[in-house]
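**Student:** Once you've had a glance at the structure underneath, I'll fire off some questions.
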Amino acid sequence: MFVQFIVDAVGLGAFYALLSIGIALLFGVLGLMNFAYGEIILAAAFTLYLCRTLPWPVALLAAIAAGVLVSVLTERLAFRPLRDADPVTLMIASFAVSLILQSVARMTVLPRAQGVPSRSFMSTSFEVLGSRISVLQLVTIALCGITLAGVMLLLQKTSLGAQLRASSENFEMANVLGIRTNVVMISAFAIVGVVGAVSAVVLVGRQGAISAEMGLSPLLIGVVGAVLGGMSNLRGAVLGGLLLGIISAGLEAFLPQQLVPFRDAFLYTLVMAILVVRPQGLLSGEKVRVS
């Protein structure tokens with residue numbers, strides 16, 4: 001039972017951390033709260049549906065390509081022309097992009113929810129110390145862990161990462177010092193596309209279905225996790241997502257059965273209590289720049 005709880009908590013926490021870093025990256029670098037993030041996940045999830053008969057590695061790569069493409073296109077067509085706009089305009093633009101993509105999906109390819117059959121290897125499970133562990137849980141932990149580690153290594157060990165971190169500290173000063181603004185913005189959106197696509201793979205594996213509205217819940221979870229950890233701190237966003245997932249799994253496991261339906265109420269009450277004490281987030285540093 002304890003092993004089962006650890007695997008469930010780590011898997012859910014890693015998934016929530018992935019969602020949170022996708023939100024926090026654009027907010028930290030560009031000051032943009034991207035409410036179209038859920039539709040990046042939707043695009044990748046629909047690609048998985050289209051590729052459901054192809055080998056899983058091929059479907060995974062296709063989903064990542066779709067996520068990056070949609071993310072970069074939204075930057076180029078919707079956000080770049082509004083680069084100098086005020087924060088409210090950018091927020092409204094992100095809402096508009098989200099609603100447009102969701103409506104297009106609903107009117108064309110996803111008028112109703114569609115099932116995505118689970119891959120045969122993911123439906124298998126095995127016993128460890130009396131607990132039943134599924135391959136899907138291990139794949140979730142592996143995908144989330146590899147993606148989070150890759151993003152952090154890119155930010156810490158590469159020239160592009162240095163430019164992204166400099167832009168997150170002071171975007172205007174970074175531009176004055178010669179950092180290429182367009183490259184930074186496209187790179188940030190491309191990374192978010194990769195993160196969103198991996199999130200879609202995990203989400204589809206857990207739910208077994210896709211719909212035009214499926215991006216809303218991951219978006220809200222990502223926002224809450226990022227706020228909890230600190231919107232201006234990527235490590236804080238990861239910590240916030242991890243804590244959110246671990247606490248959620250703990251409530252699911254240890255609440256009395258009659259109170260389990262109210263798990264989210266307990267969860268967000270606890271989040272509110274933490275934010276009363278630390279309104280800037282657990283690891284937030286300086287106040288983030290807002291576009």
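Note on naming: chains are A, B, ... as they come in the structure tokens, residues start from 1 per chain, ligands start from 1 in the order shown.
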What's around range 25-36 of chain A at 9 Å? Count only C-alpha atoms, leave out sequence neighbours fewer than 2 positions away in its own chain, and write the answer as a VMD selection string.
**Tutor:** chain A and resid 20 to 23 38 to 40 71 74 87 90 to 99 101 164 to 171 184 to 185 188 to 189 191 to 192 215 to 216 219 223 231 to 234 237 288 to 291
**Student:** From the list A:Arg112, A:Arg76, A:Ser118, A:Tyr37, which residue is nearest Val204 in chain A when using only C-alpha atoms?
**Tutor:**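 Under the stated criterion, the closest residue is A:Ser118.
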**Student:** From a backbone DSSP assignment, name each residue in range 53-193 of chain A labelled strand (DSSP E), as a ChimeraX atom specification.
**Tutor:** /A:114-115,125-128,131-134
**Student:** Can I get the selected residues back with N, CA and C atoms, as a JSON list (two decimals), in the first residue's frame?
**Tutor:**
```json
[["chain", "number", "residue", "atom", "x", "y", "z"],
["A", 114, "GLN", "N", -13.75, 11.74, -28.07],
["A", 114, "GLN", "CA", -13.30, 10.56, -28.80],
["A", 114, "GLN", "C", -12.40, 9.73, -27.90],
["A", 115, "GLY", "N", -12.61, 8.42, -27.93],
["A", 115, "GLY", "CA", -11.77, 7.53, -27.15],
["A", 115, "GLY", "C", -10.44, 7.28, -27.83],
["A", 125, "SER", "N", 0.56, -4.44, -15.82],
["A", 125, "SER", "CA", 0.96, -4.05, -14.46],
["A", 125, "SER", "C", 1.70, -5.21, -13.81],
["A", 126, "PHE", "N", 2.35, -4.91, -12.70],
["A", 126, "PHE", "CA", 3.07, -5.95, -11.97],
["A", 126, "PHE", "C", 3.02, -5.60, -10.49],
["A", 127, "GLU", "N", 3.35, -6.59, -9.67],
["A", 127, "GLU", "CA", 3.22, -6.42, -8.22],
["A", 127, "GLU", "C", 4.58, -6.15, -7.59],
["A", 128, "VAL", "N", 4.61, -5.13, -6.71],
["A", 128, "VAL", "CA", 5.82, -4.78, -5.97],
["A", 128, "VAL", "C", 5.45, -4.64, -4.50],
["A", 131, "SER", "N", 1.87, -4.23, -3.76],
["A", 131, "SER", "CA", 1.16, -3.13, -4.44],
["A", 131, "SER", "C", 1.17, -3.38, -5.94],
["A", 132, "ARG", "N", 0.08, -3.03, -6.60],
["A", 132, "ARG", "CA", -0.05, -3.21, -8.03],
["A", 132, "ARG", "C", 0.38, -1.93, -8.74],
["A", 133, "ILE", "N", 1.49, -1.99, -9.49],
["A", 133, "ILE", "CA", 2.05, -0.84, -10.19],
["A", 133, "ILE", "C", 1.84, -1.03, -11.68],
["A", 134, "SER", "N", 1.27, -0.04, -12.36],
["A", 134, "SER", "CA", 1.05, -0.14, -13.80],
["A", 134, "SER", "C", 2.23, 0.47, -14.57]]
```
**Student:** Residues near range 63-69 of chain A, anyone? I mean within 7 Å using only C-alpha atoms, not counting same-chain ones fewer than 3 positions away, as an NGL selection string.
**Tutor:** :A and (40-41 or 43-45 or 47-48 or 59-60 or 72-73 or 190 or 193-194 or 196-198)
**Student:** For the residues selected in the previous step, produce a file with C-alpha atoms as an mmCIF file, in the first residue's frame.
**Tutor:**
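Contents of part.cif, as written:
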```cif
data_model
loop_
_atom_site.group_PDB
_atom_site.id
_atom_site.type_symbol
_atom_site.label_atom_id
_atom_site.label_comp_id
_atom_site.auth_asym_id
_atom_site.auth_seq_id
_atom_site.Cartn_x
_atom_site.Cartn_y
_atom_site.Cartn_z
ATOM 1 C CA ILE A 40 -1.496 23.415 -27.086
ATOM 2 C CA ILE A 41 -2.195 20.304 -25.016
ATOM 3 C CA ALA A 43 -3.509 19.937 -30.370
ATOM 4 C CA ALA A 44 -0.947 17.397 -29.208
ATOM 5 C CA ALA A 45 -3.670 15.142 -27.810
ATOM 6 C CA THR A 47 -2.389 14.282 -32.923
ATOM 7 C CA LEU A 48 -2.096 11.266 -30.625
ATOM 8 C CA ALA A 59 2.973 9.082 -32.161
ATOM 9 C CA LEU A 60 4.973 10.729 -29.352
ATOM 10 C CA VAL A 72 5.059 28.885 -32.204
ATOM 11 C CA LEU A 73 2.202 29.863 -34.524
ATOM 12 C CA ALA A 190 8.730 26.163 -28.555
ATOM 13 C CA GLY A 193 5.026 23.389 -26.923
ATOM 14 C CA VAL A 194 7.265 20.436 -26.025
ATOM 15 C CA GLY A 196 2.510 20.782 -23.405
ATOM 16 C CA ALA A 197 2.860 17.844 -25.798
ATOM 17 C CA VAL A 198 4.408 15.582 -23.153
#
```
